[in-house]
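K.L.:
Once you've had a glance at the structure underneath, I'll fire off some questions.
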Amino acid sequence: MLVPDEARPCRDRRCEGHPRLRPAVGPDHSYRTNKLLAHRLGVNAFFCALAEASRAHEDHCLATRRPEHWVRTRAAEVKPDGFGRYLHPGGACEFYLEYDRGTEAFGALARKLEGYLRLAAGWTKEQELTRFPNLLLIVPEGVREGEVGSALRHATGSLHARGSLTTSFPPYVASEDVLTELGVLGQVWRHLPTDGDRLSLLDLPAGPSDLYRGTRCLGRYFTDHVPDRWRRIAPASAPPRLPAAPA
(Lines give C-alpha, C1' and ligand atoms only; values in the text may rest on other atoms or scores of the structure.)
Protein backbone atom coordinates (compact mmCIF):
# COMPACT_ATOMS: atom_id res chain seq x y z
CA MET A 1 0.00 0.00 0.00
CA LEU A 2 1.27 3.50 -0.81
CA VAL A 3 0.47 6.50 1.35
CA PRO A 4 1.57 10.16 1.25
CA ASP A 5 4.74 10.75 3.25
CA GLU A 6 7.02 13.60 2.28
CA ALA A 7 9.23 13.29 5.32
CA ARG A 8 10.79 9.96 4.40
CA PRO A 9 12.92 9.59 1.23
CA CYS A 10 11.81 6.99 -1.28
CA ARG A 11 14.18 4.00 -1.57
CA ASP A 12 11.69 1.64 -3.24
CA ARG A 13 11.24 1.16 -6.96
CA ARG A 14 7.49 1.35 -6.47
CA CYS A 15 7.91 5.06 -5.70
CA GLU A 16 9.90 5.98 -8.79
CA GLY A 17 8.15 8.79 -10.59
CA HIS A 18 5.87 9.40 -7.59
CA PRO A 19 7.84 11.61 -5.15
CA ARG A 20 4.83 12.09 -2.85
CA LEU A 21 4.15 8.38 -2.41
CA ARG A 22 6.05 6.19 0.01
CA PRO A 23 5.57 2.54 1.03
CA ALA A 24 3.20 2.27 3.98
CA VAL A 25 4.63 0.71 7.10
CA GLY A 26 1.27 -0.65 8.28
CA PRO A 27 -2.42 -0.97 7.34
CA ASP A 28 -4.52 2.12 6.84
CA HIS A 29 -6.74 2.84 9.85
CA SER A 30 -9.83 2.71 7.61
CA TYR A 31 -9.48 -1.06 7.21
CA ARG A 32 -11.57 -1.61 10.34
CA THR A 33 -14.61 0.01 8.71
CA ASN A 34 -13.93 -1.19 5.19
CA LYS A 35 -17.19 -2.69 3.87
CA LEU A 36 -15.46 -4.91 1.34
CA LEU A 37 -13.16 -6.33 4.03
CA ALA A 38 -16.10 -6.99 6.35
CA HIS A 39 -17.86 -8.80 3.52
CA ARG A 40 -14.86 -11.01 2.77
CA LEU A 41 -14.35 -11.80 6.44
CA GLY A 42 -17.98 -12.91 6.68
CA VAL A 43 -17.63 -15.24 3.69
CA ASN A 44 -14.40 -16.69 5.06
CA ALA A 45 -15.93 -17.15 8.51
CA PHE A 46 -18.68 -19.36 7.07
CA PHE A 47 -16.26 -21.62 5.21
CA CYS A 48 -13.91 -21.78 8.21
CA ALA A 49 -16.80 -22.85 10.43
CA LEU A 50 -17.75 -25.57 7.92
CA ALA A 51 -14.17 -26.85 7.88
CA GLU A 52 -14.15 -26.93 11.68
CA ALA A 53 -17.53 -28.69 11.79
CA SER A 54 -16.32 -31.37 9.37
CA ARG A 55 -13.45 -32.24 11.72
CA ALA A 56 -15.91 -33.11 14.47
CA HIS A 57 -18.01 -35.54 12.40
CA GLU A 58 -16.93 -38.82 10.86
CA ASP A 59 -17.32 -39.03 7.06
CA HIS A 60 -17.83 -35.27 6.81
CA CYS A 61 -15.60 -33.22 4.52
CA LEU A 62 -15.46 -29.71 3.12
CA ALA A 63 -14.07 -30.93 -0.17
CA THR A 64 -14.24 -27.73 -2.21
CA ARG A 65 -14.18 -24.03 -1.51
CA ARG A 66 -13.91 -21.53 -4.35
CA PRO A 67 -13.77 -17.75 -3.94
CA GLU A 68 -15.92 -15.15 -5.65
CA HIS A 69 -16.10 -15.82 -9.38
CA TRP A 70 -18.36 -15.42 -12.41
CA VAL A 71 -20.65 -18.27 -13.47
CA ARG A 72 -21.74 -17.74 -17.07
CA THR A 73 -24.10 -19.65 -19.34
CA ARG A 74 -26.07 -18.70 -22.44
CA ALA A 75 -29.06 -17.99 -20.23
CA ALA A 76 -27.48 -15.88 -17.48
CA GLU A 77 -24.42 -14.85 -15.54
CA VAL A 78 -24.06 -14.56 -11.77
CA LYS A 79 -21.19 -13.82 -9.43
CA PRO A 80 -21.59 -15.72 -6.15
CA ASP A 81 -19.42 -14.84 -3.17
CA GLY A 82 -18.25 -18.42 -3.08
CA PHE A 83 -18.91 -22.01 -4.05
CA GLY A 84 -18.66 -25.00 -1.76
CA ARG A 85 -19.02 -28.77 -1.78
CA TYR A 86 -19.66 -30.42 1.57
CA LEU A 87 -19.51 -34.22 1.72
CA HIS A 88 -21.46 -36.14 4.35
CA PRO A 89 -23.05 -39.59 4.64
CA GLY A 90 -26.18 -38.34 2.86
CA GLY A 91 -24.31 -37.13 -0.23
CA ALA A 92 -22.46 -34.12 -1.63
CA CYS A 93 -24.13 -30.79 -0.92
CA GLU A 94 -23.04 -28.22 -3.49
CA PHE A 95 -23.90 -24.57 -3.03
CA TYR A 96 -23.40 -21.04 -4.18
CA LEU A 97 -22.96 -18.64 -1.27
CA GLU A 98 -24.27 -15.09 -1.08
CA TYR A 99 -23.21 -13.18 2.01
CA ASP A 100 -25.61 -10.25 2.38
CA ARG A 101 -24.81 -7.43 4.81
CA GLY A 102 -28.16 -5.71 4.34
CA THR A 103 -26.68 -2.85 2.32
CA GLU A 104 -28.07 -3.82 -1.08
CA ALA A 105 -31.24 -2.01 -2.20
CA PHE A 106 -34.38 -4.00 -2.98
CA GLY A 107 -34.03 -3.56 -6.75
CA ALA A 108 -30.42 -4.72 -6.82
CA LEU A 109 -31.26 -7.71 -4.64
CA ALA A 110 -34.17 -8.68 -6.89
CA ARG A 111 -31.96 -8.45 -10.00
CA LYS A 112 -29.34 -10.65 -8.36
CA LEU A 113 -31.94 -13.32 -7.58
CA GLU A 114 -33.37 -12.96 -11.07
CA GLY A 115 -29.93 -13.87 -12.40
CA TYR A 116 -29.93 -17.09 -10.39
CA LEU A 117 -33.46 -17.89 -11.59
CA ARG A 118 -32.35 -17.44 -15.20
CA LEU A 119 -29.36 -19.66 -14.52
CA ALA A 120 -31.63 -22.34 -13.08
CA ALA A 121 -34.14 -22.04 -15.92
CA GLY A 122 -31.42 -22.74 -18.47
CA TRP A 123 -29.79 -25.55 -16.47
CA THR A 124 -31.43 -28.24 -18.63
CA LYS A 125 -34.00 -28.19 -21.43
CA GLU A 126 -36.53 -29.83 -19.11
CA GLN A 127 -35.70 -27.37 -16.30
CA GLU A 128 -34.67 -30.34 -14.17
CA LEU A 129 -32.75 -28.96 -11.19
CA THR A 130 -31.61 -32.20 -9.57
CA ARG A 131 -27.91 -31.28 -9.76
CA PHE A 132 -28.29 -27.51 -9.60
CA PRO A 133 -26.27 -26.14 -6.63
CA ASN A 134 -28.22 -24.83 -3.67
CA LEU A 135 -28.19 -21.07 -3.21
CA LEU A 136 -27.34 -20.18 0.41
CA LEU A 137 -28.02 -16.61 1.47
CA ILE A 138 -26.66 -15.39 4.80
CA VAL A 139 -28.29 -12.20 6.07
CA PRO A 140 -27.71 -10.11 9.21
CA GLU A 141 -31.05 -10.71 10.97
CA GLY A 142 -34.59 -12.05 10.59
CA VAL A 143 -36.04 -8.87 9.11
CA ARG A 144 -33.67 -9.12 6.18
CA GLU A 145 -34.84 -12.70 5.58
CA GLY A 146 -38.28 -11.30 4.83
CA GLU A 147 -36.83 -8.71 2.48
CA VAL A 148 -34.93 -11.40 0.57
CA GLY A 149 -38.17 -13.41 0.28
CA SER A 150 -40.00 -10.38 -1.14
CA ALA A 151 -37.16 -9.78 -3.61
CA LEU A 152 -37.36 -13.40 -4.77
CA ARG A 153 -41.13 -13.13 -5.36
CA HIS A 154 -40.55 -9.94 -7.33
CA ALA A 155 -37.85 -11.64 -9.43
CA THR A 156 -40.09 -14.65 -10.06
CA GLY A 157 -42.94 -12.40 -11.17
CA SER A 158 -40.77 -10.35 -13.51
CA LEU A 159 -39.56 -13.52 -15.25
CA HIS A 160 -43.05 -15.09 -15.36
CA ALA A 161 -41.40 -18.27 -14.08
CA ARG A 162 -43.43 -21.47 -14.19
CA GLY A 163 -44.59 -23.15 -11.01
CA SER A 164 -42.28 -26.14 -11.40
CA LEU A 165 -39.24 -23.88 -11.51
CA THR A 166 -40.25 -21.71 -8.56
CA THR A 167 -40.89 -24.68 -6.26
CA SER A 168 -37.79 -26.67 -7.25
CA PHE A 169 -35.44 -23.67 -7.26
CA PRO A 170 -33.22 -24.18 -4.18
CA PRO A 171 -32.60 -20.81 -2.45
CA TYR A 172 -32.18 -21.07 1.33
CA VAL A 173 -31.76 -18.18 3.74
CA ALA A 174 -30.36 -18.00 7.27
CA SER A 175 -29.53 -15.08 9.53
CA GLU A 176 -26.22 -14.69 11.33
CA ASP A 177 -28.17 -14.57 14.60
CA VAL A 178 -29.53 -18.08 14.02
CA LEU A 179 -26.21 -19.38 12.70
CA THR A 180 -24.45 -18.08 15.80
CA GLU A 181 -27.00 -19.78 18.05
CA LEU A 182 -27.26 -23.16 16.30
CA GLY A 183 -24.01 -23.50 14.34
CA VAL A 184 -23.43 -23.94 10.62
CA LEU A 185 -24.75 -27.53 10.64
CA GLY A 186 -27.80 -26.67 12.72
CA GLN A 187 -31.37 -26.35 11.44
CA VAL A 188 -30.95 -22.79 10.20
CA TRP A 189 -31.81 -22.80 6.46
CA ARG A 190 -35.31 -21.79 5.33
CA HIS A 191 -36.42 -22.64 1.79
CA LEU A 192 -37.69 -19.31 0.45
CA PRO A 193 -40.20 -20.49 -2.20
CA THR A 194 -42.10 -22.78 0.20
CA ASP A 195 -41.34 -21.04 3.52
CA GLY A 196 -41.20 -24.40 5.27
CA ASP A 197 -39.42 -25.53 8.41
CA ARG A 198 -35.75 -24.70 8.78
CA LEU A 199 -33.35 -27.40 7.63
CA SER A 200 -29.79 -28.41 8.35
CA LEU A 201 -27.20 -28.21 5.60
CA LEU A 202 -27.20 -32.02 5.81
CA ASP A 203 -30.89 -32.06 4.80
CA LEU A 204 -30.50 -29.88 1.69
CA PRO A 205 -30.58 -31.42 -1.80
CA ALA A 206 -27.37 -33.38 -2.41
CA GLY A 207 -25.83 -35.44 -5.16
CA PRO A 208 -23.77 -38.63 -4.92
CA SER A 209 -20.61 -38.16 -2.86
CA ASP A 210 -18.68 -41.07 -4.37
CA LEU A 211 -17.76 -38.86 -7.33
CA TYR A 212 -15.36 -36.86 -5.16
CA ARG A 213 -12.26 -37.62 -3.13
CA GLY A 214 -12.72 -37.29 0.59
CA THR A 215 -9.04 -37.72 1.40
CA ARG A 216 -8.07 -34.06 1.06
CA CYS A 217 -10.66 -32.27 3.12
CA LEU A 218 -10.07 -28.60 3.80
CA GLY A 219 -9.19 -28.12 7.44
CA ARG A 220 -8.62 -31.82 8.08
CA TYR A 221 -6.04 -32.43 5.38
CA PHE A 222 -4.07 -29.31 6.27
CA THR A 223 -3.79 -30.12 9.97
CA ASP A 224 -3.59 -33.92 10.30
CA HIS A 225 -0.10 -35.02 11.20
CA VAL A 226 1.91 -36.56 8.39
CA PRO A 227 5.39 -37.69 9.60
CA ASP A 228 7.25 -36.99 6.36
CA ARG A 229 5.67 -33.60 5.64
CA TRP A 230 5.47 -30.19 7.19
CA ARG A 231 2.25 -29.60 9.09
CA ARG A 232 0.20 -26.81 7.57
CA ILE A 233 -1.94 -24.17 9.19
CA ALA A 234 -5.68 -24.87 9.09
CA PRO A 235 -8.21 -22.29 7.87
CA ALA A 236 -9.07 -20.10 10.81
CA SER A 237 -11.49 -17.32 11.64
CA ALA A 238 -10.04 -15.33 14.51
CA PRO A 239 -11.97 -14.42 16.47
CA PRO A 240 -14.60 -16.98 15.33
CA ARG A 241 -17.73 -15.29 13.97
CA LEU A 242 -19.82 -18.36 13.22
CA PRO A 243 -19.60 -21.48 15.42
CA ALA A 244 -19.30 -25.01 14.09
CA ALA A 245 -21.65 -26.23 16.83
CA PRO A 246 -24.44 -24.58 18.85
CA ALA A 247 -23.22 -21.79 21.09
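The chains in the C-alpha coordinates are called A, B, ... from first to last as shown; in each chain the residues are counted from 1, and the ligands are counted from 1 in the order shown.
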Find the residues around Leu182 of chain A up to 9 Å (only C-alpha atoms counted), leave out those fewer than 2 positions away in its own chain, and share them as a list of chain:residue names.
P.N.:
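Near neighbours after the sequence-gap exclusion: A:Asp177, A:Val178, A:Leu179, A:Thr180, A:Val184, A:Leu185, A:Gly186, A:Gln187, A:Val188, A:Pro243, A:Ala244, A:Ala245, A:Pro246, A:Ala247.
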K.L.:
Go through A:Leu136, A:Ala206, A:Ala155, A:Val173 one by one, measure the shortest atom-to-atom distance of each to Arg190 of chain A using only C-alpha atoms, and give the residue with the smallest value.
P.N.:
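Nearest candidate to Arg190 of chain A out of A:Leu136, A:Ala206, A:Ala155, A:Val173: A:Val173.
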K.L.:
Once DSSP has gone over the backbone, tell me which residues of segment 29-243 of chain A are in helix (DSSP H, G or I), as number ranges by chain.
P.N.:
A: 29-33, 35-55, 106-121, 142-159, 163-168, 176-182, 201-203, 209-211
